[in-house]
Amino acid sequence: MRTPDRIYQLKITLKNVRPPIWRRILVSGKTALPELHFIIQAVMGWHNCHLHSFEDGEVSYGERDTDFGLDELEDERRVKLQSIALAVGSKFEYLYDFGDGWQHTVLVEKVLTAAPGGVYPVCITGKRACPPEDCGGAWGYVDFLEAISNPEHENHDEMQEWIGEGFDSEAFDLNVVNAMLSQPG
C-alpha cells in the first residue's frame with residue numbers, strides 16, 4: 001500500500017514590504033526545490049528572470065554557477081521540501097534576484113495528508129500584488145509606489161510609462177494565480 005503524500009501548508013511572505021505581500025499554498029512534501037522555486041514564482045507573480053536560492057538556516061541551496069560565484073551553494077535538485085521543512089512552525093528563506101534582493105520567509109503552517117483526488121500545488125489565499133521585476137528591491141518598490149501615486153512626483157511620468165496602465169498594489173486574483181500553477185512547466 002502506498003503511503004499518502006504529506007502536504008505542506010506554506011505561508012510565503014515577502015520581507016521588508018509593508019503592508020505585507022503574502023501567499024498561502026498547499027504543496028507536496030516530495031516537491032524538489034527547483035519545482036518549489038517555479039511554484040513560488042507563479043504564486044508571487046515573479047517572472048523567473050533572475051537567480052534564486054533557498055536557505056534553511058544552515059545550508060544554502062540553489063543552482064550552482066561558477067560564473068556568478070555560486071559554487072558554494074548545495075545542489076537544490078537533490079533536495080525535497082520535506083527535507084528542509086521538517087515541522088509545523090519551521091521556517092526557511094527563499095531569495096529571488098540577488099541584485100534587488102527579494103527575500104521571502106517560508107513558514108510551515110500545517111502538515112496534512114493529501115486529500116483523495118486533491119490537486120497540488122494550489123494557492124488557497126493571498127494578499128496584494130507582487131512588485132514589478134527590477135524596481136530596485138523593497139526600498140525601490142516604496143519609491144515606485146510613491147512615484148506612480150503622486151502626479152507631482154518627479155518620476156511619475158517615467159514610472160507610469162515603465163509600468164503601463166493599471167498597476168494596483170492591492171490586487172490579488174486567486175483564480176489567475178491557480179491558472180498559472182496549472183500550466184505545464
# chains A, B, ... in the order shown; residues from 1 in each chain; ligands from 1
call {"tool": "residues_around", "arguments": {"residues": "Trp22 in chain A", "least_positions_apart": "4", "cutoff": "8 Å", "atoms": "only C-alpha atoms", "output": "list in words"}}
result
Lys11, Ile12, Thr13, Leu14, Met44, Gly126, Lys127 and Arg128 of chain A
call {"tool": "write_last_selection", "arguments": {"atoms": "C-alpha atoms", "output": "mmCIF file, in the first residue's frame"}}
result
data_model
loop_
_atom_site.group_PDB
_atom_site.id
_atom_site.type_symbol
_atom_site.label_atom_id
_atom_site.label_comp_id
_atom_site.auth_asym_id
_atom_site.auth_seq_id
_atom_site.Cartn_x
_atom_site.Cartn_y
_atom_site.Cartn_z
ATOM 1 C CA LYS A 11 2.814 30.848 4.027
ATOM 2 C CA ILE A 12 5.239 32.737 1.802
ATOM 3 C CA THR A 13 5.771 36.340 2.893
ATOM 4 C CA LEU A 14 7.840 38.921 1.054
ATOM 5 C CA MET A 44 4.027 35.501 -6.055
ATOM 6 C CA GLY A 126 -3.005 35.683 -0.565
ATOM 7 C CA LYS A 127 -2.745 39.440 -0.235
ATOM 8 C CA ARG A 128 -1.536 42.203 -2.517
#
call {"tool": "residues_around", "arguments": {"residues": "Val17 in chain A", "least_positions_apart": "6", "cutoff": "10 Å", "atoms": "only C-alpha atoms", "output": "list in words"}}
result
Trp102, Gln103, Pro131, Gly137, Ala138, Trp139, Tyr141 and Val142 of chain A
call {"tool": "select_by_dssp", "arguments": {"residues": "range 11-178 of chain A", "states": "strand (DSSP E or B)", "output": "PyMOL selection string"}}
result
chain A and resi 11-14+21-28+32+52-55+60-62+74-75+80+91-96+102-113+122-127
call {"tool": "write_last_selection", "arguments": {"atoms": "C-alpha atoms", "output": "PDB file, in the first residue's frame"}}
result
ATOM      1  CA  LYS A  11       2.814  30.848   4.027  1.00  0.00           C
ATOM      2  CA  ILE A  12       5.239  32.737   1.802  1.00  0.00           C
ATOM      3  CA  THR A  13       5.771  36.340   2.893  1.00  0.00           C
ATOM      4  CA  LEU A  14       7.840  38.921   1.054  1.00  0.00           C
ATOM      5  CA  ILE A  21       2.555  40.720   0.460  1.00  0.00           C
ATOM      6  CA  TRP A  22       1.971  37.011   1.046  1.00  0.00           C
ATOM      7  CA  ARG A  23       0.574  33.757  -0.336  1.00  0.00           C
ATOM      8  CA  ARG A  24      -0.679  30.578   1.343  1.00  0.00           C
ATOM      9  CA  ILE A  25      -0.176  27.394  -0.664  1.00  0.00           C
ATOM     10  CA  LEU A  26      -0.574  23.628  -0.364  1.00  0.00           C
ATOM     11  CA  VAL A  27       2.280  21.617  -1.870  1.00  0.00           C
ATOM     12  CA  SER A  28       3.558  18.053  -1.654  1.00  0.00           C
ATOM     13  CA  ALA A  32      12.046  19.166  -5.214  1.00  0.00           C
ATOM     14  CA  HIS A  52      17.471  32.368  -6.641  1.00  0.00           C
ATOM     15  CA  SER A  53      18.433  30.369  -3.565  1.00  0.00           C
ATOM     16  CA  PHE A  54      16.893  28.671  -0.542  1.00  0.00           C
ATOM     17  CA  GLU A  55      18.377  28.730   2.950  1.00  0.00           C
ATOM     18  CA  SER A  60      22.068  27.437   1.142  1.00  0.00           C
ATOM     19  CA  TYR A  61      20.644  25.604  -1.873  1.00  0.00           C
ATOM     20  CA  GLY A  62      20.376  26.726  -5.459  1.00  0.00           C
ATOM     21  CA  GLU A  74      24.363  22.974  -2.380  1.00  0.00           C
ATOM     22  CA  ASP A  75      22.663  21.490  -5.443  1.00  0.00           C
ATOM     23  CA  LYS A  80      12.932  17.894  -1.374  1.00  0.00           C
ATOM     24  CA  LYS A  91      10.857  28.436   8.514  1.00  0.00           C
ATOM     25  CA  PHE A  92      13.283  28.754   5.667  1.00  0.00           C
ATOM     26  CA  GLU A  93      14.223  31.585   3.322  1.00  0.00           C
ATOM     27  CA  TYR A  94      13.795  31.987  -0.404  1.00  0.00           C
ATOM     28  CA  LEU A  95      15.842  34.711  -2.102  1.00  0.00           C
ATOM     29  CA  TYR A  96      14.956  35.858  -5.598  1.00  0.00           C
ATOM     30  CA  TRP A 102      13.674  39.932  -2.784  1.00  0.00           C
ATOM     31  CA  GLN A 103      13.718  37.946   0.462  1.00  0.00           C
ATOM     32  CA  HIS A 104      10.809  35.655   1.306  1.00  0.00           C
ATOM     33  CA  THR A 105      10.106  33.846   4.556  1.00  0.00           C
ATOM     34  CA  VAL A 106       8.506  30.448   4.010  1.00  0.00           C
ATOM     35  CA  LEU A 107       6.649  29.251   7.116  1.00  0.00           C
ATOM     36  CA  VAL A 108       5.294  25.721   7.547  1.00  0.00           C
ATOM     37  CA  GLU A 109       1.812  26.335   8.956  1.00  0.00           C
ATOM     38  CA  LYS A 110       0.455  22.781   8.741  1.00  0.00           C
ATOM     39  CA  VAL A 111       1.454  19.315   7.603  1.00  0.00           C
ATOM     40  CA  LEU A 112      -1.544  17.440   6.227  1.00  0.00           C
ATOM     41  CA  THR A 113      -2.337  14.190   4.481  1.00  0.00           C
ATOM     42  CA  VAL A 122      -2.655  25.038  -5.104  1.00  0.00           C
ATOM     43  CA  CYS A 123      -2.803  28.560  -3.733  1.00  0.00           C
ATOM     44  CA  ILE A 124      -5.556  28.956  -1.157  1.00  0.00           C
ATOM     45  CA  THR A 125      -5.285  32.673  -0.402  1.00  0.00           C
ATOM     46  CA  GLY A 126      -3.005  35.683  -0.565  1.00  0.00           C
ATOM     47  CA  LYS A 127      -2.745  39.440  -0.235  1.00  0.00           C
TER      48      LYS A 127
END
call {"tool": "select_by_dssp", "arguments": {"residues": "chain A", "states": "helix (DSSP H, G or I)", "output": "number ranges by chain"}}
result
A: 33-44, 66-68, 76-78, 81-84, 137-149, 156-163, 174-182
call {"tool": "write_last_selection", "arguments": {"atoms": "N, CA and C atoms", "output": "short mmCIF file (atom, residue, chain, number, x, y, z; two decimals), in the first residue's frame"}}
result
data_model
loop_
_atom_site.label_atom_id
_atom_site.label_comp_id
_atom_site.auth_asym_id
_atom_site.auth_seq_id
_atom_site.Cartn_x
_atom_site.Cartn_y
_atom_site.Cartn_z
N LEU A 33 13.26 21.20 -4.68
CA LEU A 33 13.42 22.66 -4.58
C LEU A 33 13.35 23.39 -5.91
N PRO A 34 13.89 22.86 -7.02
CA PRO A 34 13.72 23.60 -8.28
C PRO A 34 12.24 23.77 -8.65
N GLU A 35 11.43 22.76 -8.38
CA GLU A 35 9.99 22.87 -8.65
C GLU A 35 9.34 23.86 -7.69
N LEU A 36 9.77 23.84 -6.42
CA LEU A 36 9.24 24.80 -5.46
C LEU A 36 9.56 26.23 -5.90
N HIS A 37 10.75 26.42 -6.46
CA HIS A 37 11.12 27.74 -6.99
C HIS A 37 10.09 28.20 -8.02
N PHE A 38 9.74 27.32 -8.97
CA PHE A 38 8.76 27.69 -10.00
C PHE A 38 7.37 27.92 -9.41
N ILE A 39 7.03 27.17 -8.39
CA ILE A 39 5.74 27.36 -7.70
C ILE A 39 5.71 28.74 -7.05
N ILE A 40 6.77 29.09 -6.36
CA ILE A 40 6.83 30.42 -5.70
C ILE A 40 6.79 31.52 -6.75
N GLN A 41 7.50 31.33 -7.85
CA GLN A 41 7.45 32.32 -8.94
C GLN A 41 6.01 32.54 -9.39
N ALA A 42 5.27 31.46 -9.60
CA ALA A 42 3.89 31.56 -10.08
C ALA A 42 2.97 32.22 -9.06
N VAL A 43 3.05 31.81 -7.80
CA VAL A 43 2.09 32.35 -6.83
C VAL A 43 2.40 33.78 -6.43
N MET A 44 3.68 34.14 -6.43
CA MET A 44 4.03 35.50 -6.05
C MET A 44 3.86 36.47 -7.22
N THR A 66 29.45 28.74 -11.34
CA THR A 66 30.76 29.33 -11.06
C THR A 66 30.92 30.69 -11.71
N ASP A 67 30.21 30.95 -12.81
CA ASP A 67 30.29 32.26 -13.46
C ASP A 67 29.78 33.38 -12.56
N PHE A 68 28.85 33.06 -11.68
CA PHE A 68 28.27 34.06 -10.79
C PHE A 68 28.74 33.88 -9.34
N GLU A 76 20.35 22.23 -5.38
CA GLU A 76 18.95 22.18 -4.98
C GLU A 76 18.20 21.01 -5.60
N ARG A 77 18.70 20.47 -6.69
CA ARG A 77 18.00 19.37 -7.38
C ARG A 77 17.94 18.11 -6.53
N ARG A 78 18.79 18.01 -5.55
CA ARG A 78 18.86 16.82 -4.71
C ARG A 78 18.02 16.94 -3.44
N LEU A 81 11.30 19.39 -0.43
CA LEU A 81 10.73 20.27 0.59
C LEU A 81 10.73 19.61 1.95
N GLN A 82 10.30 18.36 2.04
CA GLN A 82 10.20 17.69 3.32
C GLN A 82 11.55 17.53 4.02
N SER A 83 12.66 17.73 3.30
CA SER A 83 13.99 17.64 3.90
C SER A 83 14.38 18.91 4.65
N ILE A 84 13.82 20.05 4.24
CA ILE A 84 14.20 21.30 4.90
C ILE A 84 13.07 21.89 5.74
N GLY A 137 14.20 46.34 -5.53
CA GLY A 137 14.02 45.69 -4.23
C GLY A 137 12.96 46.39 -3.40
N ALA A 138 12.90 46.02 -2.12
CA ALA A 138 11.85 46.55 -1.24
C ALA A 138 11.89 48.07 -1.15
N TRP A 139 13.08 48.64 -1.09
CA TRP A 139 13.19 50.10 -0.96
C TRP A 139 12.85 50.78 -2.28
N GLY A 140 13.25 50.20 -3.38
CA GLY A 140 12.88 50.74 -4.69
C GLY A 140 11.38 50.66 -4.92
N TYR A 141 10.76 49.61 -4.37
CA TYR A 141 9.32 49.44 -4.52
C TYR A 141 8.57 50.56 -3.80
N VAL A 142 9.04 50.96 -2.65
CA VAL A 142 8.44 52.09 -1.92
C VAL A 142 8.52 53.35 -2.78
N ASP A 143 9.67 53.61 -3.36
CA ASP A 143 9.84 54.78 -4.23
C ASP A 143 8.94 54.69 -5.45
N PHE A 144 8.85 53.48 -6.04
CA PHE A 144 8.00 53.25 -7.20
C PHE A 144 6.54 53.58 -6.87
N LEU A 145 6.05 53.07 -5.73
CA LEU A 145 4.66 53.32 -5.33
C LEU A 145 4.39 54.80 -5.11
N GLU A 146 5.35 55.49 -4.49
CA GLU A 146 5.20 56.93 -4.29
C GLU A 146 5.12 57.65 -5.63
N ALA A 147 5.98 57.26 -6.56
CA ALA A 147 6.02 57.93 -7.87
C ALA A 147 4.74 57.72 -8.66
N ILE A 148 4.21 56.50 -8.70
CA ILE A 148 3.01 56.27 -9.52
C ILE A 148 1.75 56.82 -8.89
N SER A 149 1.76 57.01 -7.56
CA SER A 149 0.55 57.51 -6.91
C SER A 149 0.48 59.03 -6.81
N HIS A 156 7.07 60.45 -11.73
CA HIS A 156 5.73 59.92 -12.01
C HIS A 156 5.56 59.48 -13.46
N ASP A 157 5.82 60.36 -14.40
CA ASP A 157 5.61 60.04 -15.81
C ASP A 157 6.49 58.88 -16.26
N GLU A 158 7.74 58.90 -15.84
CA GLU A 158 8.67 57.84 -16.22
C GLU A 158 8.20 56.48 -15.67
N MET A 159 7.79 56.45 -14.41
CA MET A 159 7.34 55.19 -13.81
C MET A 159 6.02 54.72 -14.42
N GLN A 160 5.13 55.65 -14.71
CA GLN A 160 3.86 55.28 -15.35
C GLN A 160 4.10 54.69 -16.74
N GLU A 161 5.03 55.29 -17.47
CA GLU A 161 5.35 54.77 -18.80
C GLU A 161 5.99 53.38 -18.68
N TRP A 162 6.87 53.20 -17.68
CA TRP A 162 7.57 51.94 -17.49
C TRP A 162 6.60 50.81 -17.11
N ILE A 163 5.68 51.08 -16.18
CA ILE A 163 4.80 50.03 -15.68
C ILE A 163 3.55 49.86 -16.54
N LEU A 174 -6.88 35.15 -6.98
CA LEU A 174 -6.62 33.74 -6.70
C LEU A 174 -6.80 32.88 -7.95
N ASN A 175 -7.80 33.18 -8.76
CA ASN A 175 -8.03 32.39 -9.98
C ASN A 175 -6.87 32.50 -10.96
N VAL A 176 -6.32 33.69 -11.12
CA VAL A 176 -5.18 33.89 -12.02
C VAL A 176 -3.97 33.12 -11.49
N VAL A 177 -3.73 33.20 -10.19
CA VAL A 177 -2.59 32.51 -9.59
C VAL A 177 -2.72 31.00 -9.81
N ASN A 178 -3.89 30.44 -9.54
CA ASN A 178 -4.05 29.00 -9.71
C ASN A 178 -4.03 28.58 -11.17
N ALA A 179 -4.44 29.46 -12.07
CA ALA A 179 -4.30 29.16 -13.50
C ALA A 179 -2.81 29.06 -13.87
N MET A 180 -1.99 29.95 -13.29
CA MET A 180 -0.54 29.90 -13.52
C MET A 180 0.03 28.58 -12.99
N LEU A 181 -0.42 28.16 -11.83
CA LEU A 181 0.07 26.91 -11.24
C LEU A 181 -0.30 25.69 -12.08
N SER A 182 -1.43 25.76 -12.75
CA SER A 182 -1.91 24.60 -13.50
C SER A 182 -1.27 24.47 -14.89
#
call {"tool": "closest_residue", "arguments": {"among": "A:Pro20, A:Gly118, A:Asp56, A:Asn48", "to": "Leu86 in chain A", "atoms": "only C-alpha atoms"}}
result
A:Asp56
call {"tool": "atom_distance", "arguments": {"atom1": "CA of Glu154 in chain A", "atom2": "CA of Cys49 in chain A"}}
result
28.3 Å
call {"tool": "decode", "arguments": {"residues": "range 151-177 of chain A", "atoms": "N, CA and C atoms", "output": "compact mmCIF listing (two decimals), in the first residue's frame"}}
result
# COMPACT_ATOMS: atom_id res chain seq x y z
N PRO A 151 1.00 62.39 -9.01
CA PRO A 151 1.28 63.03 -10.31
C PRO A 151 2.33 64.15 -10.23
N GLU A 152 2.57 64.69 -9.04
CA GLU A 152 3.57 65.75 -8.87
C GLU A 152 4.97 65.19 -8.63
N HIS A 153 5.10 63.89 -8.43
CA HIS A 153 6.40 63.27 -8.16
C HIS A 153 7.29 63.42 -9.40
N GLU A 154 8.57 63.71 -9.19
CA GLU A 154 9.49 63.94 -10.30
C GLU A 154 9.63 62.74 -11.24
N ASN A 155 9.37 61.53 -10.76
CA ASN A 155 9.50 60.32 -11.59
C ASN A 155 8.15 59.73 -11.99
N HIS A 156 7.07 60.45 -11.73
CA HIS A 156 5.73 59.92 -12.01
C HIS A 156 5.56 59.48 -13.46
N ASP A 157 5.82 60.36 -14.40
CA ASP A 157 5.61 60.04 -15.81
C ASP A 157 6.49 58.88 -16.26
N GLU A 158 7.74 58.90 -15.84
CA GLU A 158 8.67 57.84 -16.22
C GLU A 158 8.20 56.48 -15.67
N MET A 159 7.79 56.45 -14.41
CA MET A 159 7.34 55.19 -13.81
C MET A 159 6.02 54.72 -14.42
N GLN A 160 5.13 55.65 -14.71
CA GLN A 160 3.86 55.28 -15.35
C GLN A 160 4.10 54.69 -16.74
N GLU A 161 5.03 55.29 -17.47
CA GLU A 161 5.35 54.77 -18.80
C GLU A 161 5.99 53.38 -18.68
N TRP A 162 6.87 53.20 -17.68
CA TRP A 162 7.57 51.94 -17.49
C TRP A 162 6.60 50.81 -17.11
N ILE A 163 5.68 51.08 -16.18
CA ILE A 163 4.80 50.03 -15.68
C ILE A 163 3.55 49.86 -16.54
N GLY A 164 3.18 50.89 -17.26
CA GLY A 164 1.94 50.82 -18.05
C GLY A 164 0.74 51.13 -17.18
N GLU A 165 -0.41 51.00 -17.75
CA GLU A 165 -1.65 51.32 -17.03
C GLU A 165 -2.09 50.16 -16.15
N GLY A 166 -2.74 50.51 -15.08
CA GLY A 166 -3.47 49.53 -14.30
C GLY A 166 -2.72 48.79 -13.21
N PHE A 167 -1.52 49.20 -12.82
CA PHE A 167 -0.87 48.52 -11.70
C PHE A 167 -1.60 48.89 -10.42
N ASP A 168 -2.08 47.87 -9.72
CA ASP A 168 -2.79 48.06 -8.46
C ASP A 168 -2.07 47.25 -7.39
N SER A 169 -1.39 47.92 -6.48
CA SER A 169 -0.60 47.23 -5.46
C SER A 169 -1.46 46.40 -4.51
N GLU A 170 -2.75 46.67 -4.46
CA GLU A 170 -3.65 45.92 -3.57
C GLU A 170 -4.28 44.70 -4.25
N ALA A 171 -4.07 44.55 -5.55
CA ALA A 171 -4.75 43.49 -6.31
C ALA A 171 -4.15 42.12 -6.02
N PHE A 172 -5.02 41.13 -5.90
CA PHE A 172 -4.62 39.73 -5.83
C PHE A 172 -5.78 38.93 -6.39
N ASP A 173 -5.51 38.10 -7.39
CA ASP A 173 -6.56 37.31 -8.03
C ASP A 173 -6.20 35.83 -7.89
N LEU A 174 -6.88 35.15 -6.98
CA LEU A 174 -6.62 33.74 -6.70
C LEU A 174 -6.80 32.88 -7.95
N ASN A 175 -7.80 33.18 -8.76
CA ASN A 175 -8.03 32.39 -9.98
C ASN A 175 -6.87 32.50 -10.96
N VAL A 176 -6.32 33.69 -11.12
CA VAL A 176 -5.18 33.89 -12.02
C VAL A 176 -3.97 33.12 -11.49
N VAL A 177 -3.73 33.20 -10.19
CA VAL A 177 -2.59 32.51 -9.59
C VAL A 177 -2.72 31.00 -9.81
